[in-house]
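data16.txt follows (compact mmCIF, C-alpha atoms):
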# COMPACT_ATOMS: atom_id res chain seq x y z
CA MET A 1 102.80 125.16 185.24
CA PHE A 2 101.82 121.49 185.44
CA GLY A 3 101.04 121.60 189.15
CA TRP A 4 97.83 120.87 190.96
CA LYS A 5 96.02 121.90 194.11
CA ARG A 6 95.60 119.32 196.84
CA LYS A 7 92.35 120.23 198.53
CA GLY A 8 92.53 119.96 202.26
CA ALA A 9 96.30 120.23 202.32
CA GLU A 10 97.84 122.96 204.46
CA ARG A 11 98.85 124.95 201.45
CA ALA A 12 98.34 124.71 197.69
CA TYR A 13 101.56 123.47 196.17
CA ARG A 14 101.99 124.78 192.68
CA GLY A 15 105.32 124.61 191.05
CA VAL A 16 107.27 123.19 188.15
CA GLY A 17 108.85 119.89 189.10
CA VAL A 18 112.46 120.69 189.87
CA ALA A 19 113.68 117.40 188.53
CA ALA A 20 111.88 117.98 185.21
CA LEU A 21 113.50 121.37 184.90
CA VAL A 22 116.85 119.85 185.74
CA ASN A 23 116.32 117.24 183.03
CA VAL A 24 115.58 119.89 180.42
CA LEU A 25 118.63 121.85 181.51
CA SER A 26 120.69 118.69 181.24
CA LEU A 27 119.61 118.46 177.62
CA LEU A 28 120.73 122.03 177.15
CA THR A 29 124.01 121.89 178.99
CA GLY A 30 124.80 118.39 177.82
CA ALA A 31 127.81 116.66 179.16
CA MET A 32 128.85 119.53 181.40
CA TYR A 33 125.90 119.43 183.73
CA GLY A 34 127.03 116.66 186.07
CA GLU A 35 130.45 118.14 186.53
CA LEU A 36 129.14 121.68 186.97
CA ASP A 37 126.54 120.53 189.45
CA GLU A 38 129.16 118.73 191.53
CA ARG A 39 131.15 121.92 191.78
CA LEU A 40 128.45 124.56 191.97
CA ASP A 41 125.48 122.64 193.35
CA PHE A 42 122.87 123.98 190.91
CA ARG A 43 120.36 121.50 192.21
CA THR A 44 120.18 123.01 195.69
CA ALA A 45 120.15 126.55 194.34
CA LEU A 46 117.30 125.74 191.96
CA GLN A 47 115.35 123.95 194.65
CA ARG A 48 115.68 126.87 197.05
CA ALA A 49 114.66 129.33 194.35
CA LEU A 50 111.76 127.37 192.87
CA ARG A 51 110.37 125.40 195.81
CA LYS A 52 108.31 128.26 197.15
CA PRO A 53 104.83 127.56 198.38
CA VAL A 54 102.30 129.79 196.63
CA PRO A 55 99.34 130.96 198.76
CA ARG A 56 95.88 129.67 197.87
CA HIS A 57 94.41 133.06 197.02
CA VAL A 58 96.91 133.73 194.21
CA ASN A 59 94.95 133.80 190.94
CA PHE A 60 95.38 134.71 187.25
CA TRP A 61 95.53 138.46 187.99
CA PHE A 62 98.71 137.91 189.98
CA CYS A 63 100.50 136.96 186.77
CA PHE A 64 100.62 140.45 185.28
CA GLY A 65 103.72 141.56 187.15
CA GLY A 66 105.65 138.64 185.70
CA ILE A 67 104.14 139.21 182.27
CA THR A 68 105.30 142.83 182.43
CA PHE A 69 108.80 141.66 183.25
CA LEU A 70 108.69 139.14 180.42
CA ILE A 71 107.76 141.86 177.93
CA PHE A 72 110.54 144.04 179.36
CA VAL A 73 113.08 141.29 178.69
CA ILE A 74 111.71 140.95 175.15
CA GLN A 75 112.17 144.70 174.70
CA LEU A 76 115.78 144.41 175.88
CA VAL A 77 116.56 141.62 173.43
CA THR A 78 114.75 143.15 170.44
CA GLY A 79 116.19 146.54 171.34
CA ILE A 80 119.72 145.18 171.16
CA ALA A 81 118.88 143.55 167.84
CA LEU A 82 117.55 146.84 166.45
CA LEU A 83 120.69 148.55 167.75
CA LEU A 84 122.75 146.48 165.29
CA TYR A 85 121.19 148.33 162.35
CA TYR A 86 119.79 151.62 163.64
CA ARG A 87 121.71 154.80 162.79
CA PRO A 88 121.04 157.71 165.23
CA THR A 89 121.56 160.70 162.91
CA VAL A 90 118.86 162.93 161.48
CA GLU A 91 119.96 162.05 157.93
CA GLN A 92 119.98 158.29 158.40
CA ALA A 93 117.62 157.39 161.26
CA TYR A 94 114.46 157.04 159.19
CA HIS A 95 116.24 155.18 156.39
CA SER A 96 117.86 152.77 158.82
CA VAL A 97 114.44 151.91 160.25
CA VAL A 98 113.08 151.39 156.72
CA HIS A 99 116.11 149.20 156.02
CA ILE A 100 115.42 147.09 159.10
CA THR A 101 111.74 146.71 158.25
CA ASN A 102 112.17 145.87 154.56
CA ASN A 103 115.66 144.51 153.92
CA VAL A 104 117.10 142.88 157.02
CA PRO A 105 116.00 139.21 157.30
CA PHE A 106 113.22 139.04 159.93
CA GLY A 107 113.81 142.74 160.63
CA TRP A 108 110.06 143.36 160.34
CA LEU A 109 109.56 140.72 163.07
CA VAL A 110 112.12 142.22 165.44
CA ARG A 111 110.76 145.73 164.93
CA GLY A 112 107.22 144.46 165.29
CA PHE A 113 107.98 142.78 168.59
CA HIS A 114 109.55 145.96 169.87
CA HIS A 115 106.67 148.16 168.74
CA TRP A 116 103.91 145.92 170.09
CA GLY A 117 105.88 145.08 173.21
CA ALA A 118 106.11 148.77 173.98
CA ASN A 119 102.36 149.15 173.66
CA LEU A 120 101.43 145.99 175.54
CA ILE A 121 103.79 146.62 178.44
CA MET A 122 101.86 149.76 179.28
CA VAL A 123 98.64 147.73 179.44
CA THR A 124 100.10 144.90 181.53
CA VAL A 125 101.83 147.22 183.97
CA MET A 126 98.60 149.11 184.57
CA ILE A 127 96.68 145.88 185.18
CA HIS A 128 99.44 144.84 187.59
CA ALA A 129 99.29 148.15 189.46
CA LEU A 130 95.50 147.92 189.61
CA ARG A 131 95.64 144.38 190.96
CA VAL A 132 98.14 145.38 193.67
CA PHE A 133 95.96 148.34 194.60
CA LEU A 134 92.69 146.42 194.77
CA TYR A 135 94.28 143.69 196.90
CA GLY A 136 95.73 146.29 199.28
CA ALA A 137 99.19 144.85 198.74
CA TYR A 138 100.73 148.32 198.96
CA LYS A 139 100.18 148.58 202.72
CA PRO A 140 103.12 148.43 205.15
CA PRO A 141 105.57 146.72 205.11
CA ARG A 142 105.08 146.81 201.32
CA ASP A 143 104.64 150.56 201.06
CA PHE A 144 108.19 151.22 199.87
CA ASN A 145 107.79 148.52 197.23
CA TRP A 146 104.75 150.42 195.95
CA VAL A 147 106.92 153.54 195.63
CA VAL A 148 109.52 151.55 193.67
CA GLY A 149 106.68 150.24 191.52
CA ALA A 150 105.48 153.77 190.82
CA LEU A 151 109.00 154.76 189.80
CA LEU A 152 109.14 151.72 187.54
CA MET A 153 105.92 152.72 185.81
CA PHE A 154 107.21 156.23 185.32
CA SER A 155 110.44 154.76 183.88
CA LEU A 156 108.39 152.80 181.37
CA LEU A 157 106.69 156.02 180.29
CA LEU A 158 110.10 157.65 179.82
CA PHE A 159 111.24 154.63 177.80
CA GLY A 160 108.25 155.06 175.53
CA PHE A 161 108.71 158.77 175.14
CA SER A 162 112.44 158.57 174.35
CA GLY A 163 112.10 155.55 172.09
CA TYR A 164 109.34 157.08 170.04
CA LEU A 165 111.60 159.83 168.66
CA LEU A 166 114.16 157.39 167.28
CA PRO A 167 112.45 156.47 163.98
CA TRP A 168 112.50 160.21 163.21
CA ASN A 169 109.28 160.35 161.22
CA GLU A 170 106.58 163.04 161.24
CA LEU A 171 104.69 161.54 164.16
CA SER A 172 107.90 161.09 166.21
CA TYR A 173 109.04 164.62 165.62
CA TRP A 174 105.82 166.43 166.48
CA ALA A 175 105.07 164.17 169.44
CA THR A 176 108.51 165.02 170.81
CA VAL A 177 108.07 168.74 170.21
CA VAL A 178 104.81 168.69 172.14
CA GLY A 179 106.18 166.38 174.84
CA ALA A 180 109.27 168.49 175.39
CA GLU A 181 107.19 171.68 175.62
CA ILE A 182 105.05 170.32 178.45
CA PRO A 183 107.78 170.70 181.12
CA GLY A 184 108.04 174.29 179.90
CA ALA A 185 104.82 174.99 181.79
CA ILE A 186 106.52 174.42 185.15
CA PRO A 187 107.11 177.77 186.80
CA TRP A 188 110.66 179.12 187.02
CA VAL A 189 112.57 175.97 185.99
CA GLY A 190 110.26 175.03 183.12
CA ASP A 191 112.08 176.75 180.26
CA ALA A 192 115.48 175.52 181.41
CA LEU A 193 114.13 172.00 181.79
CA SER A 194 112.64 172.06 178.32
CA TYR A 195 115.92 173.36 176.90
CA PHE A 196 117.82 170.61 178.70
CA ILE A 197 115.53 167.85 177.43
CA LYS A 198 115.66 169.02 173.84
CA GLY A 199 119.40 169.65 173.90
CA GLY A 200 118.75 173.10 172.48
CA ASP A 201 115.97 175.41 171.32
CA THR A 202 114.53 173.00 168.79
CA VAL A 203 114.21 169.25 168.44
CA GLY A 204 117.13 168.35 166.16
CA GLN A 205 120.26 166.20 166.05
CA LEU A 206 121.17 167.08 169.65
CA ALA A 207 117.76 165.94 170.87
CA LEU A 208 118.01 162.72 168.88
CA THR A 209 121.43 161.93 170.31
CA ARG A 210 120.49 162.51 173.90
CA PHE A 211 117.17 160.68 173.55
CA PHE A 212 119.09 157.77 172.02
CA ALA A 213 121.61 157.68 174.91
CA PHE A 214 118.77 157.98 177.37
CA HIS A 215 116.72 155.19 175.82
CA VAL A 216 119.57 152.74 175.21
CA VAL A 217 121.88 153.20 178.22
CA ILE A 218 120.59 155.47 180.96
CA MET A 219 117.07 154.11 181.27
CA PRO A 220 118.01 150.40 181.03
CA LEU A 221 120.58 150.80 183.80
CA GLY A 222 118.15 152.70 185.99
CA MET A 223 115.41 150.21 185.25
CA MET A 224 117.60 147.27 186.25
CA VAL A 225 118.43 148.88 189.57
CA LEU A 226 114.75 149.52 190.28
CA LEU A 227 113.75 146.03 189.17
CA GLY A 228 116.41 144.54 191.41
CA LEU A 229 114.98 146.43 194.38
CA HIS A 230 111.44 145.49 193.44
CA PHE A 231 112.18 141.75 193.21
CA LEU A 232 114.38 141.67 196.31
CA MET A 233 111.63 143.26 198.35
CA ILE A 234 109.01 140.87 197.03
CA ARG A 235 111.11 137.83 197.89
CA ARG A 236 111.93 139.25 201.28
CA LEU A 237 108.38 140.26 202.21
CA GLY A 238 106.52 137.48 200.45
CA ILE A 239 103.19 137.67 198.64
CA ALA A 240 100.62 139.74 200.53
CA GLY A 241 97.79 137.90 202.30
CA PRO A 242 94.29 137.29 200.92
CA LEU A 243 91.51 139.87 200.80
CA MET B 1 104.53 115.47 193.72
CA GLU B 2 107.23 115.93 191.19
CA ALA B 3 107.58 114.93 187.58
CA GLY B 4 110.91 113.67 186.34
CA VAL B 5 113.13 110.64 186.50
CA SER B 6 115.36 110.39 189.54
CA PRO B 7 118.99 109.92 188.51
CA GLU B 8 120.00 107.93 191.59
CA PRO B 9 120.36 104.15 191.16
CA PRO B 10 117.29 102.22 192.38
CA ALA B 11 117.37 100.88 195.96
CA PRO B 12 117.90 97.11 196.04
CA GLU B 13 114.25 96.36 196.91
CA GLU B 14 113.07 98.36 193.88
CA THR B 15 114.85 96.17 191.39
CA GLY B 16 112.10 94.53 189.38
CA THR B 17 109.87 91.59 189.89
CA ALA B 18 110.33 90.28 186.34
CA GLY B 19 113.20 88.16 187.47
CA ASP B 20 115.74 89.64 185.05
CA GLY B 21 117.52 91.77 187.68
CA LEU B 22 116.50 95.08 186.05
CA PRO B 23 114.20 97.69 187.65
CA ASP B 24 110.55 97.53 186.55
CA ALA B 25 109.39 99.74 183.72
CA THR B 26 106.41 101.27 185.47
CA ARG B 27 103.65 103.31 183.89
CA ARG B 28 104.80 106.27 185.97
CA LYS B 29 108.35 106.10 184.68
CA PHE B 30 107.13 105.82 181.11
CA LEU B 31 104.84 108.84 181.41
CA HIS B 32 107.56 110.86 183.07
CA ARG B 33 109.95 109.95 180.30
CA VAL B 34 107.40 110.98 177.63
CA TYR B 35 106.79 114.30 179.37
CA ASN B 36 110.48 115.11 179.71
CA MET B 37 111.27 114.13 176.15
CA THR B 38 108.40 116.25 174.84
CA LEU B 39 109.65 119.24 176.78
CA GLY B 40 113.18 118.56 175.64
CA PHE B 41 112.16 118.21 172.01
CA TRP B 42 110.21 121.47 171.97
CA ALA B 43 112.97 123.24 173.87
CA LEU B 44 115.46 122.16 171.21
CA ALA B 45 113.08 123.02 168.37
CA GLY B 46 112.46 126.44 169.88
CA MET B 47 116.16 127.08 170.30
CA ALA B 48 116.91 125.91 166.76
CA GLY B 49 114.21 128.17 165.32
CA THR B 50 115.32 131.16 167.38
CA GLY B 51 118.94 130.47 166.47
CA TYR B 52 118.04 130.42 162.76
CA VAL B 53 116.13 133.71 162.93
CA ALA B 54 118.84 135.37 165.04
CA GLY B 55 121.60 134.11 162.74
CA ARG B 56 119.85 135.38 159.60
CA TYR B 57 119.10 138.72 161.27
CA VAL B 58 122.64 139.51 162.47
CA TRP B 59 124.44 138.42 159.28
CA PRO B 60 125.51 141.64 157.47
CA THR B 61 123.01 142.87 154.87
CA LYS B 62 123.63 143.51 151.17
CA GLU B 63 124.66 147.15 151.60
CA GLY B 64 127.77 145.92 153.40
CA GLU B 65 129.02 144.26 150.20
CA SER B 66 131.66 146.21 148.34
CA THR B 67 130.71 147.54 144.90
CA GLY B 68 132.43 146.48 141.70
CA GLY B 69 134.55 149.44 140.68
CA GLU B 70 136.49 150.09 137.50
CA ARG B 71 138.73 147.41 135.98
CA THR B 72 140.80 149.83 133.95
CA VAL B 73 141.78 153.27 135.14
CA THR B 74 143.48 156.01 133.14
CA PHE B 75 144.99 159.32 134.19
CA PRO B 76 147.19 161.99 132.58
CA LYS B 77 150.93 161.20 132.44
CA LYS B 78 151.65 164.59 133.90
CA GLU B 79 150.45 163.41 137.34
CA LEU B 80 153.10 160.70 137.35
CA ASP B 81 155.80 163.31 136.73
CA ASP B 82 154.53 165.62 139.47
CA GLU B 83 154.09 163.11 142.28
CA THR B 84 156.18 160.29 143.63
CA MET B 85 153.16 157.94 143.49
CA VAL B 86 149.69 158.23 142.00
CA LYS B 87 146.95 156.41 143.91
CA VAL B 88 144.03 155.02 141.95
CA LEU B 89 141.21 152.59 142.65
CA VAL B 90 141.12 149.49 140.46
CA GLU B 91 137.99 147.38 141.08
CA GLY B 92 137.53 149.29 144.33
CA LYS B 93 140.99 148.42 145.61
CA PRO B 94 143.82 150.95 146.17
CA VAL B 95 146.68 150.68 143.65
CA GLY B 96 149.83 152.83 143.55
CA VAL B 97 151.48 153.82 140.26
CA PHE B 98 155.09 155.01 140.55
CA ARG B 99 158.26 155.38 138.56
CA ALA B 100 161.14 153.19 139.74
CA ALA B 101 164.65 152.96 138.34
CA ASP B 102 163.53 150.29 135.85
CA GLY B 103 160.30 151.90 134.70
CA VAL B 104 156.72 152.44 135.72
CA HIS B 105 155.09 149.97 138.10
CA ALA B 106 151.59 149.54 139.49
CA LEU B 107 151.24 147.62 142.74
CA SER B 108 148.45 146.93 145.20
CA LEU B 109 148.87 149.21 148.18
CA VAL B 110 147.36 146.79 150.69
CA CYS B 111 150.09 145.25 152.82
CA THR B 112 149.73 141.45 152.83
CA HIS B 113 150.50 141.35 156.55
CA LEU B 114 147.45 142.99 158.16
CA GLY B 115 146.05 145.37 155.56
CA CYS B 116 147.66 148.77 156.19
CA LEU B 117 148.31 150.92 153.10
CA VAL B 118 151.96 150.94 152.05
CA ASN B 119 153.93 153.94 150.73
CA TRP B 120 156.47 154.20 147.91
CA ASN B 121 159.79 155.49 149.18
CA PRO B 122 161.72 156.78 146.10
CA ASP B 123 165.02 157.28 147.99
CA ALA B 124 165.14 153.68 149.17
CA GLY B 125 163.50 152.42 145.98
CA LEU B 126 161.15 150.32 148.13
CA MET B 127 157.52 150.06 149.21
CA ILE B 128 157.51 150.43 152.99
CA CYS B 129 154.58 149.62 155.28
CA PRO B 130 154.20 152.13 158.15
CA CYS B 131 152.50 149.68 160.50
CA HIS B 132 155.04 146.90 161.08
CA GLY B 133 157.87 147.78 158.69
CA SER B 134 157.40 145.32 155.83
CA ARG B 135 159.51 146.18 152.78
CA TYR B 136 158.73 145.30 149.15
CA ASP B 137 160.79 145.85 145.97
CA PRO B 138 159.26 147.68 142.94
CA SER B 139 157.83 144.44 141.56
CA GLY B 140 156.10 143.62 144.86
CA GLN B 141 158.39 140.91 146.22
CA VAL B 142 158.83 140.88 149.97
CA LEU B 143 162.35 141.93 150.98
CA GLN B 144 161.84 142.15 154.70
CA GLY B 145 159.25 142.27 157.41
CA PRO B 146 156.26 140.29 158.62
CA ALA B 147 154.46 140.31 155.25
CA PRO B 148 153.87 136.73 154.11
CA LEU B 149 153.05 137.31 150.43
CA PRO B 150 154.15 139.71 147.66
CA LEU B 151 152.04 142.70 146.61
CA LYS B 152 149.80 142.11 143.62
CA GLN B 153 151.12 143.61 140.39
CA TYR B 154 148.85 145.40 137.92
CA ASP B 155 149.49 145.97 134.20
CA VAL B 156 150.48 149.53 133.47
CA ARG B 157 151.40 151.16 130.16
CA VAL B 158 152.17 154.68 129.16
CA SER B 159 150.57 155.54 125.82
CA GLY B 160 151.18 159.06 124.66
CA ASP B 161 150.28 161.34 127.51
CA THR B 162 148.03 158.99 129.47
CA VAL B 163 148.82 156.16 131.81
CA VAL B 164 146.56 153.09 131.72
CA VAL B 165 146.35 150.75 134.70
CA GLY B 166 144.65 147.35 134.72

Would you write the structure of this file as structure tokens?
Amino acid sequence: MFGWKRKGAERAYRGVGVAALVNVLSLLTGAMYGELDERLDFRTALQRALRKPVPRHVNFWFCFGGITFLIFVIQLVTGIALLLYYRPTVEQAYHSVVHITNNVPFGWLVRGFHHWGANLIMVTVMIHALRVFLYGAYKPPRDFNWVVGALLMFSLLLFGFSGYLLPWNELSYWATVVGAEIPGAIPWVGDALSYFIKGGDTVGQLALTRFFAFHVVIMPLGMMVLLGLHFLMIRRLGIAGPL
Amino acid sequence: MEAGVSPEPPAPEETGTAGDGLPDATRRKFLHRVYNMTLGFWALAGMAGTGYVAGRYVWPTKEGESTGGERTVTFPKKELDDETMVKVLVEGKPVGVFRAADGVHALSLVCTHLGCLVNWNPDAGLMICPCHGSRYDPSGQVLQGPAPLPLKQYDVRVSGDTVVVG
């Protein structure tokens, strides 16, 4: 953030001053900080985590992975907020979304963040994938991390697909009908797969319920596992070298 | 290079040159202090704003408020003869109308302990709560049990062949 490059030094040292961060956290944790730090040694943990030298060739395009994660966290928080008012039945789903947008204080803001976040995350994740590809950062030993990344992108697509049905309006419904028919084209297992996804022959209450469970519980858990792997591998392997 | 004020006490040779025994207020320390306070101020402002929005958002909306309901409820006297207790809603709250040894009573059915609905037991001549066993007499006074307060009484009169409550 407020770092600077020392030309001629062995490595560019960019990082938030640990002591400044600690001061801000002291403001936040108040009187407890000194006592907690004595027992848990936050200071050392923070220093080890944050005092990482960043290679010179890292530029603005390297930020998009983190931006994608930031938007994902925003989706988690706004998603939980929406969950307080959303009703997942075919009779009430649309009305609950209208209620959130028009009646709940700042509901329009929470829904807006979630809607735009969903759109923007697709853009940022593609820029991130493109950057990794063009820098050749998928080559061994980072090849498995690329696979995890591909799974993550596919998970985001599934998030979008399942979430889009939940408002239960005309666009949601027909998009889901079309989307659930596509697997039907797979030979042999296609029809069964389509039936399984829809929870029946048609897109109805059963589809809404299982899309809701998928979007709110199954996908977030899966995503967190994949993200954990992704970040662990990055820390372990380090940022790939320059072009 | 790091920003931020070091919390350790100054080494003896750093204590100031002003001759008052205190460490010097350097330009560096001042700028660091300004930077940290600015960050701290905006962090607090951001948290306060977010807290306000979040608080307003999660507070239950209007549709959670209970509706008014009727203040006076009437029903045919015949029902009182057929059943041990007639349940009505007065202003949205459950009220039981029953015939005791000394006449017709109307009491709130909400136990004052933790809110379960009580039942009129004509054999015992008491209102008994099924949850924790509180017992009330026909005028609502607590005879036994964990209930702290008596049941609210409602006006009830029998006029002709209708019963009027409230």

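CA of Phe113 in chain A is found 11.1 Å from CA of Phe72 in chain A.
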
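For range 83-96 of chain A, the non-local neighbours within 9 Å, defined as residues at least 3 positions apart in the same chain or in other chains and counting only C-alpha atoms, are Thr78, Gly79, Ile80, His99, Ile100, Thr101, Val104, Leu166, Pro167, Trp168, Asn169, Gly204, Gln205, Leu208, Thr209, Phe212 and Val216 of chain A; Val58 of chain B.
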
Inset, instruction - Tell me which protein, DNA and RNA residues are within 9 Å of range 77-84 of chain B, counting only C-alpha atoms, leaving out same-chain ones fewer than 3 positions away, and put them as a VMD selection string. - result: chain B and resid 97 to 99 120 to 122 158 to 163

Legend entry - Neighbour residues at most 9 Å from (101.9, 150.1, 194.6) (all atoms listed in the file) as a PyMOL selection string: chain A and resi 129-130+132-133+136-139+142-150

Okay, now the selection with C-alpha atoms, as a compact mmCIF listing (two decimals), in the frame of the given file?
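New file part-v6.txt:
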# COMPACT_ATOMS: atom_id res chain seq x y z
CA ALA A 129 99.29 148.15 189.46
CA LEU A 130 95.50 147.92 189.61
CA VAL A 132 98.14 145.38 193.67
CA PHE A 133 95.96 148.34 194.60
CA GLY A 136 95.73 146.29 199.28
CA ALA A 137 99.19 144.85 198.74
CA TYR A 138 100.73 148.32 198.96
CA LYS A 139 100.18 148.58 202.72
CA ARG A 142 105.08 146.81 201.32
CA ASP A 143 104.64 150.56 201.06
CA PHE A 144 108.19 151.22 199.87
CA ASN A 145 107.79 148.52 197.23
CA TRP A 146 104.75 150.42 195.95
CA VAL A 147 106.92 153.54 195.63
CA VAL A 148 109.52 151.55 193.67
CA GLY A 149 106.68 150.24 191.52
CA ALA A 150 105.48 153.77 190.82

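Non-sequential neighbours of Ala81 in chain A (distance at most 9 Å, separation of 6 or more positions within a chain, only C-alpha atoms) are Gly107, Val110 and Arg111 of chain A; Ala54, Tyr57 and Val58 of chain B.
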
For the residues in that selection, give me C-alpha atoms as a compact mmCIF listing (two decimals), in the coordinates of the input.
# COMPACT_ATOMS: atom_id res chain seq x y z
CA GLY A 107 113.81 142.74 160.63
CA VAL A 110 112.12 142.22 165.44
CA ARG A 111 110.76 145.73 164.93
CA ALA B 54 118.84 135.37 165.04
CA TYR B 57 119.10 138.72 161.27
CA VAL B 58 122.64 139.51 162.47

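The residue that comes closest to chain B, out of A:Leu134, A:Met224, A:Ile74, A:Leu82 and on the basis of all atoms listed in the file, is A:Leu82.
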
All heavy atoms for range 138-145 of chain A, written as an mmCIF file, in the frame of the given file, could you do that?
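Output contents, as saved in part-v1.cif:
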data_model
loop_
_atom_site.group_PDB
_atom_site.id
_atom_site.type_symbol
_atom_site.label_atom_id
_atom_site.label_comp_id
_atom_site.auth_asym_id
_atom_site.auth_seq_id
_atom_site.Cartn_x
_atom_site.Cartn_y
_atom_site.Cartn_z
ATOM 1 N N TYR A 138 99.785 147.201 198.862
ATOM 2 C CA TYR A 138 100.730 148.320 198.960
ATOM 3 C C TYR A 138 100.917 148.763 200.409
ATOM 4 O O TYR A 138 101.661 149.659 200.710
ATOM 5 C CB TYR A 138 100.182 149.508 198.152
ATOM 6 C CG TYR A 138 98.787 149.873 198.581
ATOM 7 C CD1 TYR A 138 98.575 150.749 199.641
ATOM 8 C CD2 TYR A 138 97.682 149.296 197.972
ATOM 9 C CE1 TYR A 138 97.304 151.047 200.081
ATOM 10 C CE2 TYR A 138 96.397 149.582 198.400
ATOM 11 C CZ TYR A 138 96.210 150.462 199.455
ATOM 12 O OH TYR A 138 94.948 150.747 199.874
ATOM 13 N N LYS A 139 100.149 148.124 201.324
ATOM 14 C CA LYS A 139 100.180 148.580 202.720
ATOM 15 C C LYS A 139 101.466 148.129 203.394
ATOM 16 O O LYS A 139 102.094 147.173 202.961
ATOM 17 C CB LYS A 139 98.970 148.022 203.469
ATOM 18 C CG LYS A 139 97.661 148.575 202.948
ATOM 19 C CD LYS A 139 96.483 147.976 203.692
ATOM 20 C CE LYS A 139 95.175 148.425 203.043
ATOM 21 N NZ LYS A 139 94.055 147.596 203.466
ATOM 22 N N PRO A 140 101.872 148.809 204.487
ATOM 23 C CA PRO A 140 103.120 148.430 205.150
ATOM 24 C C PRO A 140 103.110 146.960 205.509
ATOM 25 O O PRO A 140 102.064 146.444 205.902
ATOM 26 C CB PRO A 140 103.141 149.309 206.408
ATOM 27 C CG PRO A 140 102.261 150.448 206.098
ATOM 28 C CD PRO A 140 101.234 149.955 205.122
ATOM 29 N N PRO A 141 104.234 146.264 205.447
ATOM 30 C CA PRO A 141 105.570 146.720 205.110
ATOM 31 C C PRO A 141 105.865 146.848 203.617
ATOM 32 O O PRO A 141 107.019 147.013 203.247
ATOM 33 C CB PRO A 141 106.459 145.623 205.716
ATOM 34 C CG PRO A 141 105.627 144.391 205.594
ATOM 35 C CD PRO A 141 104.204 144.822 205.755
ATOM 36 N N ARG A 142 104.822 146.794 202.760
ATOM 37 C CA ARG A 142 105.080 146.810 201.320
ATOM 38 C C ARG A 142 104.956 148.215 200.723
ATOM 39 O O ARG A 142 104.918 148.374 199.510
ATOM 40 C CB ARG A 142 104.106 145.863 200.614
ATOM 41 C CG ARG A 142 104.356 144.425 201.002
ATOM 42 C CD ARG A 142 103.382 143.450 200.396
ATOM 43 N NE ARG A 142 103.744 142.104 200.842
ATOM 44 C CZ ARG A 142 103.402 141.573 202.013
ATOM 45 N NH1 ARG A 142 102.652 142.269 202.855
ATOM 46 N NH2 ARG A 142 103.792 140.367 202.353
ATOM 47 N N ASP A 143 104.870 149.215 201.578
ATOM 48 C CA ASP A 143 104.640 150.560 201.060
ATOM 49 C C ASP A 143 105.817 151.069 200.228
ATOM 50 O O ASP A 143 105.623 151.711 199.196
ATOM 51 C CB ASP A 143 104.302 151.532 202.195
ATOM 52 C CG ASP A 143 105.199 151.353 203.414
ATOM 53 O OD1 ASP A 143 106.028 150.421 203.429
ATOM 54 O OD2 ASP A 143 105.058 152.150 204.360
ATOM 55 N N PHE A 144 107.056 150.759 200.647
ATOM 56 C CA PHE A 144 108.190 151.220 199.870
ATOM 57 C C PHE A 144 108.252 150.505 198.521
ATOM 58 O O PHE A 144 108.663 151.086 197.513
ATOM 59 C CB PHE A 144 109.501 151.047 200.640
ATOM 60 C CG PHE A 144 110.667 151.676 199.957
ATOM 61 C CD1 PHE A 144 110.683 153.034 199.684
ATOM 62 C CD2 PHE A 144 111.744 150.914 199.548
ATOM 63 C CE1 PHE A 144 111.748 153.623 199.032
ATOM 64 C CE2 PHE A 144 112.821 151.493 198.901
ATOM 65 C CZ PHE A 144 112.824 152.849 198.647
ATOM 66 N N ASN A 145 107.825 149.253 198.497
ATOM 67 C CA ASN A 145 107.790 148.520 197.230
ATOM 68 C C ASN A 145 106.809 149.170 196.259
ATOM 69 O O ASN A 145 107.048 149.215 195.055
ATOM 70 C CB ASN A 145 107.389 147.064 197.493
ATOM 71 C CG ASN A 145 107.897 146.143 196.416
ATOM 72 O OD1 ASN A 145 108.774 146.507 195.643
ATOM 73 N ND2 ASN A 145 107.336 144.957 196.344
#
